[in-house]
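Asks: Let me give you the structure first, and then I'll get to my questions.
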Amino acid sequence: MNSELTDAQWALIQPHLPPAKKRGRPRAQDRRTINGILYVLRTGCRWQDLPPRYGSPVTCWRRLDQWQTDGVWESIWRAFLRALDEQGQLDWSRAFLDGSFVPAKKGVRE
């Protein structure tokens with residue numbers, strides 16, 4: 001199973017990542033880290049079993065968590081949806097919105 005990002009995928013993802021801090025220790029490579037995150041998500045392996053080619057499992061887990069908190073993953077997801085839509089590869093007639101998990105306004109339940 002190949003879980004490496006293609007150059008085209010990376011080009012779409014990279015602009016949505018937060019910039020590296022200018023001070024302190026150099027940041028682990030974002031592309032390698034994302035490939036590590038994808039490897040764990042695709043294979044279901046434990047973080048500590050992440051192959052060394054992806055860098056530190058702790059770094060991968062922390063970025064996954066921090067980027068979720070910061071909304072980075074949603075931004076990436078929307079970018080891919082936009083690109084697929086522009087290429088005519090999405091069939092919106094098969095999509096639906098499920099609002100069953102959204103709380104009612106003013107706490108009113110139906």
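Lettering and numbering for the structure tokens are positional, with chains as A, B, ... in the shown order, residues counted from 1 in each chain, and ligands counted from 1 in the shown order.
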Can you list every residue in region 16-90 of chain A that DSSP puts in helix (DSSP H, G or I), as a PyMOL selection string?
Replies: chain A and resi 16+30-43+47-49+52-54+57-70+72-86
Asks: Would you pick out the contacts of region 67-73 of chain A at 9 Å or less, using only C-alpha atoms, so that residues sharing its chain but fewer than 6 positions from it are not included, and give the list as a ChimeraX atom specification?
Replies: /A:16-18
Asks: Taking all heavy atoms for each residue, export the selection above as a PDB file, in the first residue's frame.
Replies:
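File part_6.pdb, as written:
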ATOM      1  N   HIS A  16      -2.068  25.370   2.994  1.00  0.00           N
ATOM      2  CA  HIS A  16      -2.998  25.379   4.131  1.00  0.00           C
ATOM      3  C   HIS A  16      -2.312  25.097   5.468  1.00  0.00           C
ATOM      4  O   HIS A  16      -2.952  25.162   6.513  1.00  0.00           O
ATOM      5  CB  HIS A  16      -4.125  24.368   3.895  1.00  0.00           C
ATOM      6  CG  HIS A  16      -4.915  24.682   2.675  1.00  0.00           C
ATOM      7  ND1 HIS A  16      -5.948  25.589   2.670  1.00  0.00           N
ATOM      8  CD2 HIS A  16      -4.782  24.260   1.396  1.00  0.00           C
ATOM      9  CE1 HIS A  16      -6.430  25.688   1.450  1.00  0.00           C
ATOM     10  NE2 HIS A  16      -5.744  24.900   0.656  1.00  0.00           N
ATOM     11  N   LEU A  17      -1.026  24.792   5.419  1.00  0.00           N
ATOM     12  CA  LEU A  17      -0.302  24.473   6.645  1.00  0.00           C
ATOM     13  C   LEU A  17       0.235  25.737   7.299  1.00  0.00           C
ATOM     14  O   LEU A  17       0.650  26.669   6.613  1.00  0.00           O
ATOM     15  CB  LEU A  17       0.862  23.514   6.331  1.00  0.00           C
ATOM     16  CG  LEU A  17       0.453  22.191   5.695  1.00  0.00           C
ATOM     17  CD1 LEU A  17       1.695  21.361   5.390  1.00  0.00           C
ATOM     18  CD2 LEU A  17      -0.503  21.422   6.586  1.00  0.00           C
ATOM     19  N   PRO A  18       0.236  25.763   8.628  1.00  0.00           N
ATOM     20  CA  PRO A  18       0.764  26.943   9.312  1.00  0.00           C
ATOM     21  C   PRO A  18       2.269  27.064   9.062  1.00  0.00           C
ATOM     22  O   PRO A  18       2.958  26.051   8.906  1.00  0.00           O
ATOM     23  CB  PRO A  18       0.459  26.672  10.788  1.00  0.00           C
ATOM     24  CG  PRO A  18       0.204  25.220  10.898  1.00  0.00           C
ATOM     25  CD  PRO A  18      -0.249  24.745   9.555  1.00  0.00           C
TER      26      PRO A  18
END
Asks: Which residue gives the smallest distance to Tyr54 (chain A) among A:Leu12, A:Ala79, A:Phe96, A:Glu4, with only C-alpha atoms counted?
Replies: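 Nearest candidate to Tyr54 (chain A) out of A:Leu12, A:Ala79, A:Phe96, A:Glu4: A:Glu4.
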Asks: Can you pull out the residues contacting Leu38 (chain A)? Cut-off 10 Å, using only C-alpha atoms, and skip same-chain residues under 4 positions away; I want them as number ranges by chain.
Replies: A: 3-5, 32-34, 42-44, 60, 64
Asks: Calculate how many Å separate CA of Trp77 (chain A) from CA of Ile13 (chain A), rounding to one decimal.
Replies: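 Value for the CA of Trp77 (chain A)-CA of Ile13 (chain A) distance: 9.0 Å.
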Asks: If you count only C-alpha atoms, which residues fall within 10 Å of Pro15 (chain A), apart from same-chain ones fewer than 5 positions away, as a list in words?
Replies: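 Counting only the stated atoms, we get Trp10, Ser75, Ile76 and Ala79 of chain A.
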Asks: Near region 48-50 of chain A, counting only C-alpha atoms, which residues have an atom at most 9 Å away, once you skip same-chain residues fewer than 6 positions from it, shown as a list of chain:residue names?
Replies: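 The residues satisfying every condition are A:Gly36, A:Ile37, A:Tyr39, A:Val40, A:Ser56, A:Pro57, A:Val58.
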Asks: Between CA of Arg46 (chain A) and CA of Asp65 (chain A), measure the distance and give it in Å to one decimal.
Replies: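 CA of Asp65 (chain A) lies at a distance of 15.3 Å from CA of Arg46 (chain A).
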